[in-house]
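Engineer: To be precise about what I am sending: the file is called target39.txt and holds compact mmCIF, C-alpha atoms.
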# COMPACT_ATOMS: atom_id res chain seq x y z
CA MET A 1 -20.19 -7.68 -1.16
CA PRO A 2 -18.22 -10.70 0.18
CA THR A 3 -14.79 -11.62 -1.13
CA VAL A 4 -14.21 -14.84 -3.07
CA HIS A 5 -12.70 -16.53 -0.01
CA SER A 6 -15.55 -15.55 2.33
CA PHE A 7 -18.18 -16.50 -0.26
CA LEU A 8 -16.68 -19.98 -0.68
CA ALA A 9 -16.58 -20.39 3.10
CA LEU A 10 -20.29 -19.46 3.35
CA PHE A 11 -21.12 -21.77 0.47
CA ARG A 12 -19.39 -24.70 2.18
CA MET A 13 -21.21 -23.96 5.43
CA LEU A 14 -24.59 -23.86 3.68
CA CYS A 15 -23.82 -27.12 1.90
CA VAL A 16 -23.26 -28.67 5.32
CA TYR A 17 -26.12 -26.94 7.12
CA TYR A 18 -29.12 -28.07 5.07
CA PRO A 19 -28.30 -31.81 4.84
CA THR A 20 -27.51 -32.00 8.56
CA LYS A 21 -30.62 -29.96 9.45
CA THR A 22 -32.81 -32.46 7.59
CA THR A 23 -31.06 -35.39 9.25
CA VAL A 24 -31.39 -34.07 12.79
CA ALA A 25 -35.00 -32.93 12.34
CA HIS A 26 -36.28 -36.41 11.44
CA SER A 27 -34.37 -38.51 13.95
CA ASN A 28 -33.35 -38.90 17.53
CA VAL A 29 -29.67 -38.46 16.63
CA GLU A 30 -28.90 -42.08 15.90
CA GLU A 31 -25.35 -43.29 15.92
CA ASP A 32 -24.83 -43.35 12.14
CA ARG A 33 -26.32 -39.87 11.71
CA MET A 34 -24.23 -38.54 14.55
CA SER A 35 -21.15 -39.86 12.75
CA LEU A 36 -22.34 -37.95 9.67
CA LEU A 37 -22.29 -34.67 11.63
CA THR A 38 -18.86 -35.53 13.03
CA SER A 39 -17.54 -36.26 9.54
CA TYR A 40 -18.71 -32.87 8.26
CA LYS A 41 -17.08 -31.11 11.20
CA ASP A 42 -13.78 -32.98 10.87
CA CYS A 43 -13.70 -32.35 7.14
CA MET A 44 -14.17 -28.61 7.52
CA LEU A 45 -11.62 -28.34 10.34
CA ASN A 46 -9.02 -30.33 8.42
CA ARG A 47 -9.58 -28.25 5.30
CA PHE A 48 -9.25 -25.04 7.31
CA LYS A 49 -5.97 -26.17 8.90
CA LYS A 50 -4.64 -27.32 5.53
CA ASP A 51 -5.52 -24.01 3.83
CA LYS A 52 -3.97 -22.04 6.69
CA LYS A 53 -0.72 -24.01 6.47
CA GLU A 54 -0.59 -23.71 2.66
CA THR A 55 -1.15 -19.95 2.86
CA LYS A 56 1.66 -19.57 5.39
CA ASP A 57 4.05 -21.67 3.29
CA ARG A 58 3.13 -19.79 0.12
CA LYS A 59 3.70 -16.42 1.80
CA GLN A 60 7.11 -17.52 3.04
CA ALA A 61 8.02 -18.85 -0.41
CA LEU A 62 7.23 -15.47 -2.00
CA LYS A 63 9.36 -13.67 0.60
CA ASP A 64 12.21 -16.11 -0.05
CA ARG A 65 11.95 -15.38 -3.76
CA LEU A 66 12.28 -11.66 -3.04
CA ALA A 67 15.25 -12.25 -0.73
CA LYS A 68 17.11 -14.29 -3.35
CA GLY A 69 16.38 -12.01 -6.31
CA ILE A 70 16.65 -8.41 -5.06
CA ASN A 71 19.99 -6.73 -5.68
CA ILE A 72 21.00 -4.41 -2.81
CA ILE A 73 23.36 -1.45 -3.31
CA ASP A 74 25.29 -0.39 -0.23
CA GLY A 75 24.98 3.39 -0.38
CA SER A 76 22.83 6.40 0.46
CA VAL A 77 20.35 8.44 -1.58
CA TYR A 78 20.92 12.20 -1.48
CA ASN A 79 18.61 13.49 -4.21
CA MET A 80 14.91 13.13 -3.38
CA VAL A 81 13.69 15.33 -6.24
CA ALA A 82 14.35 12.83 -9.02
CA TYR A 83 11.04 10.99 -8.76
CA ASP A 84 7.64 11.33 -10.37
CA LYS A 85 6.01 14.38 -8.77
CA CYS A 86 2.56 12.82 -9.22
CA ILE A 87 3.32 10.03 -6.76
CA ASP A 88 5.89 11.62 -4.44
CA ASP A 89 3.42 12.83 -1.80
CA VAL A 90 1.36 9.68 -1.49
CA VAL A 91 4.33 7.32 -1.71
CA TYR A 92 6.18 9.15 1.06
CA ASP A 93 3.08 8.97 3.26
CA LEU A 94 2.64 5.24 2.49
CA ALA A 95 6.30 4.56 3.24
CA GLY A 96 5.83 6.06 6.70
CA TYR A 97 2.63 4.05 7.13
CA VAL A 98 4.40 0.79 6.27
CA VAL A 99 7.12 1.49 8.84
CA HIS A 100 4.57 2.44 11.52
CA SER A 101 2.08 -0.38 10.89
CA ARG A 102 4.82 -3.04 10.70
CA ARG A 103 6.83 -1.79 13.69
CA ASN A 104 6.44 -5.15 15.47
CA LEU A 105 8.03 -6.84 12.47
CA ILE A 106 11.01 -4.46 12.57
CA GLY A 107 11.57 -4.99 16.27
CA SER A 108 13.85 -2.93 18.52
CA CYS A 109 17.07 -2.84 16.49
CA ALA A 110 18.33 0.76 16.69
CA GLU A 111 20.40 0.45 13.50
CA CYS A 112 17.39 -0.78 11.51
CA TRP A 113 15.22 2.08 12.75
CA ALA A 114 17.95 4.61 11.94
CA SER A 115 17.98 3.38 8.33
CA LEU A 116 14.17 3.63 8.01
CA VAL A 117 13.07 6.78 9.85
CA THR A 118 14.67 10.14 10.51
CA THR A 119 14.02 13.11 12.76
CA GLU A 120 15.68 15.54 10.36
CA ASN A 121 13.56 17.87 8.25
CA LEU A 122 13.30 17.15 4.55
CA PRO A 123 14.73 19.63 2.06
CA GLU A 124 12.31 22.51 1.60
CA ASN A 125 12.19 22.16 -2.20
CA THR A 126 10.97 18.56 -2.12
CA SER A 127 7.35 17.75 -2.84
CA PRO A 128 6.93 15.30 0.10
CA ASN A 129 8.02 18.01 2.55
CA LYS A 130 5.17 20.34 1.46
CA PHE A 131 2.66 17.52 1.85
CA LEU A 132 4.12 16.52 5.21
CA VAL A 133 3.76 20.03 6.58
CA LEU A 134 0.03 19.98 5.75
CA ARG A 135 -0.57 16.48 7.12
CA ASP A 136 1.73 16.28 10.11
CA LYS A 137 0.34 17.00 13.54
CA GLY A 138 3.33 15.52 15.33
CA GLY A 139 2.78 11.81 14.65
CA LEU A 140 3.71 11.13 11.02
CA LYS A 141 6.84 9.08 10.39
CA LYS A 142 9.57 10.77 8.34
CA VAL A 143 11.29 8.07 6.36
CA THR A 144 14.90 8.20 5.23
CA PRO A 145 15.81 8.86 1.58
CA ASN A 146 16.84 5.21 1.18
CA MET A 147 13.45 3.96 2.40
CA PHE A 148 11.71 6.48 0.16
CA PHE A 149 13.75 5.26 -2.82
CA VAL A 150 12.84 1.62 -2.13
CA ILE A 151 9.10 2.29 -1.88
CA SER A 152 9.16 4.67 -4.88
CA THR A 153 10.86 2.02 -7.01
CA ILE A 154 8.27 -0.58 -6.00
CA GLU A 155 5.44 1.90 -6.64
CA THR A 156 6.73 2.76 -10.12
CA MET A 157 6.85 -0.95 -10.96
CA LEU A 158 3.31 -1.44 -9.59
CA MET A 159 1.89 1.46 -11.60
CA LYS A 160 3.30 -0.02 -14.80
CA HIS A 161 1.93 -3.44 -13.87
CA PHE A 162 -1.61 -2.19 -13.20
CA ASN A 163 -1.63 -0.45 -16.58
CA GLU A 164 -0.80 -3.68 -18.40
CA THR A 165 -3.41 -5.91 -20.01
CA GLY A 166 -4.36 -8.79 -17.73
CA SER A 167 -3.13 -7.15 -14.55
CA TYR A 168 -6.37 -8.01 -12.72
CA ILE A 169 -6.44 -11.72 -13.47
CA ARG A 170 -5.30 -14.71 -11.45
CA ASP A 171 -1.61 -14.93 -10.42
CA SER A 172 -1.19 -11.17 -10.78
CA PHE A 173 0.34 -10.95 -7.30
CA GLU A 174 2.90 -13.65 -8.14
CA ARG A 175 3.83 -11.77 -11.32
CA VAL A 176 4.47 -8.62 -9.28
CA ILE A 177 6.68 -10.56 -6.85
CA ALA A 178 8.64 -11.91 -9.84
CA LYS A 179 9.16 -8.36 -11.16
CA ALA A 180 10.12 -7.01 -7.73
CA SER A 181 12.71 -9.77 -7.27
CA LYS A 182 14.65 -8.38 -10.27
CA LEU A 183 14.94 -4.82 -8.92
CA THR A 184 18.06 -3.08 -7.69
CA LEU A 185 17.51 -1.13 -4.45
CA TYR A 186 19.51 0.91 -1.98
CA SER A 187 20.20 -0.71 1.35
CA ILE A 188 17.85 -0.37 4.31
CA CYS A 189 17.99 -2.08 7.72
CA CYS A 190 21.15 -3.33 9.38
CA PRO A 191 23.29 -6.08 7.77
CA ALA A 192 22.19 -8.60 10.41
CA HIS A 193 18.45 -8.15 9.69
CA SER A 194 18.30 -6.90 6.09
CA GLU A 195 17.97 -10.38 4.58
CA ILE A 196 14.71 -10.90 6.50
CA LEU A 197 13.32 -7.38 6.89
CA VAL A 198 13.82 -6.00 3.36
CA PRO A 199 11.77 -8.74 1.62
CA SER A 200 9.15 -8.58 4.38
CA LEU A 201 8.69 -4.79 4.12
CA ILE A 202 8.50 -4.95 0.32
CA TYR A 203 6.01 -7.81 0.53
CA GLU A 204 3.84 -5.90 3.02
CA TYR A 205 3.84 -2.78 0.85
CA ILE A 206 2.77 -4.80 -2.21
CA VAL A 207 -0.06 -6.35 -0.17
CA ILE A 208 -1.23 -2.88 0.96
CA ARG A 209 -1.15 -1.55 -2.61
CA PHE A 210 -3.10 -4.53 -3.95
CA ARG A 211 -5.80 -3.87 -1.35
CA PHE A 212 -6.01 -0.21 -2.34
CA GLN A 213 -6.06 -1.10 -6.02
CA ALA A 214 -8.79 -3.72 -5.49
CA LYS A 215 -10.98 -1.15 -3.71
CA TRP A 216 -10.40 1.38 -6.49
CA LYS A 217 -11.19 -1.20 -9.17
CA LYS A 218 -14.37 -2.24 -7.38
CA VAL A 219 -15.58 1.38 -7.15
CA GLN A 220 -14.72 1.90 -10.81
CA GLU A 221 -16.61 -1.22 -11.95
CA VAL A 222 -19.66 -0.42 -9.80
CA SER A 223 -19.72 3.12 -11.17
CA LYS A 224 -19.46 1.78 -14.71
CA LYS A 225 -22.35 -0.65 -14.17
CA ASN A 226 -24.51 2.05 -12.61
CA CYS A 227 -23.81 4.35 -15.54
CA GLN A 228 -24.77 1.62 -18.02
CA ARG A 229 -27.93 0.87 -16.05
CA HIS A 230 -28.83 4.55 -16.02
CA GLN A 231 -28.31 4.84 -19.77
CA SER A 232 -30.46 1.76 -20.39
CA ARG A 233 -33.30 3.25 -18.37
CA LYS A 234 -33.08 6.47 -20.31
CA MET A 235 -33.15 4.61 -23.61
CA SER A 236 -36.13 2.49 -22.53
CA LYS A 237 -38.18 5.64 -21.89
CA LEU A 238 -37.64 6.97 -25.40
If you took the structure in this file and wrote it as structure tokens, what would it be?
Structural biologist:
Amino acid sequence: MPTVHSFLALFRMLCVYYPTKTTVAHSNVEEDRMSLLTSYKDCMLNRFKKDKKETKDRKQALKDRLAKGINIIDGSVYNMVAYDKCIDDVVYDLAGYVVHSRRNLIGSCAECWASLVTTENLPENTSPNKFLVLRDKGGLKKVTPNMFFVISTIETMLMKHFNETGSYIRDSFERVIAKASKLTLYSICCPAHSEILVPSLIYEYIVIRFRFQAKWKKVQEVSKKNCQRHQSRKMSKL
């Protein structure tokens, strides 16, 4: 099933294809009809460039909103047991995934990496450590307590948001960014790069979670429709 963006792109292409196909089929490509084809092409290219620029500007504006609103505490987290045990395992794994998948964004700053990942073993009584032992084959990233706190705070906010009425309507992503910009988080990344990297990492995590949530919602809705269809067939046979 195509996304809204891909469906609209296909629809625009079909709207162009059939009129131009009819024009070319009944002519020898006269000058005025050739200009018609050129106009369609220029229109689509200009719209594509405009949409691409607007998307880039909008993404940067959301990151700037996070950078201006988030309150950073300069300190370290020592207690990793004070979180919701239902989400500890998955959130810790996702935090490591964000750091690994966005490593090009973080760059080569040693101080930034030291604040995000660690080579030390987690406390044995923590839930993430038990999950990590089962999953790790030598390649999983072990994030620092501060990074775990940041992602856990964002995840808690996201879980509350997805349980609210109207969380799956338009502008839901912007509403989440507005909520995230009011949070208070422990410091990650070095002072020289934190203003850029902290909003970017939070933004990327929110994007990843929205993708996961969209897939889950799609499966849920399809399952619901199939169940209703099955019940209707059963009722029709009575």
Engineer: For the atom pair atom CA of Tyr186 of chain A and atom CA of Tyr205 of chain A, what is the interatomic distance in Å to one decimal place?
Structural biologist: 16.3 Å
Engineer: Which of these residues is nearest to Glu155 of chain A, using all atoms listed in the file: A:Ser108, A:Thr118, A:Gln213, A:Ser200?
Structural biologist: A:Gln213
Engineer: Identify, on the basis of all atoms listed in the file, every residue whose closest approach to Phe148 of chain A does not exceed 9 Å; exclude the query and any residue fewer than 4 positions from it along the same chain; express the result as number ranges by chain.
Structural biologist: A: 80, 91-92, 95-96, 116, 143-144, 152-153
Engineer: What is the distance between atom CA of Ala67 of chain A and atom CA of Cys112 of chain A, in Å to one decimal?
Structural biologist: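 These atoms are spaced 16.9 Å apart.
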Engineer: Return the single residue from A:Asn104, A:Val117, A:Gly75, A:Ile151 that is closest to Arg209 of chain A, with distances computed using only C-alpha atoms.
Structural biologist: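 Distance minimum relative to Arg209 of chain A lands on A:Ile151.
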Engineer: Find the distance between atom CA of Ser223 of chain A and atom CA of Val90 of chain A and write it in Å to one decimal.
Structural biologist: 24.1 Å
Engineer: Give me, as a PyMOL selection string, all polymer residues having an atom no more than 10 Å from Cys190 of chain A, counting only C-alpha atoms and skipping those fewer than 5 positions away in the same chain.
Structural biologist: chain A and resi 109-116+195+197-198
Engineer: Rank nothing, just name the residue among A:Leu62, A:Cys15, A:Val99, A:Ser236 nearest to Tyr203 of chain A, using only C-alpha atoms.
Structural biologist: A:Leu62
Engineer: Just checking: using only C-alpha atoms, which residue out of A:Arg233, A:Thr184, A:Leu140, A:Phe173 ends up closest to Arg211 of chain A?
Structural biologist: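 Distance minimum relative to Arg211 of chain A lands on A:Phe173.
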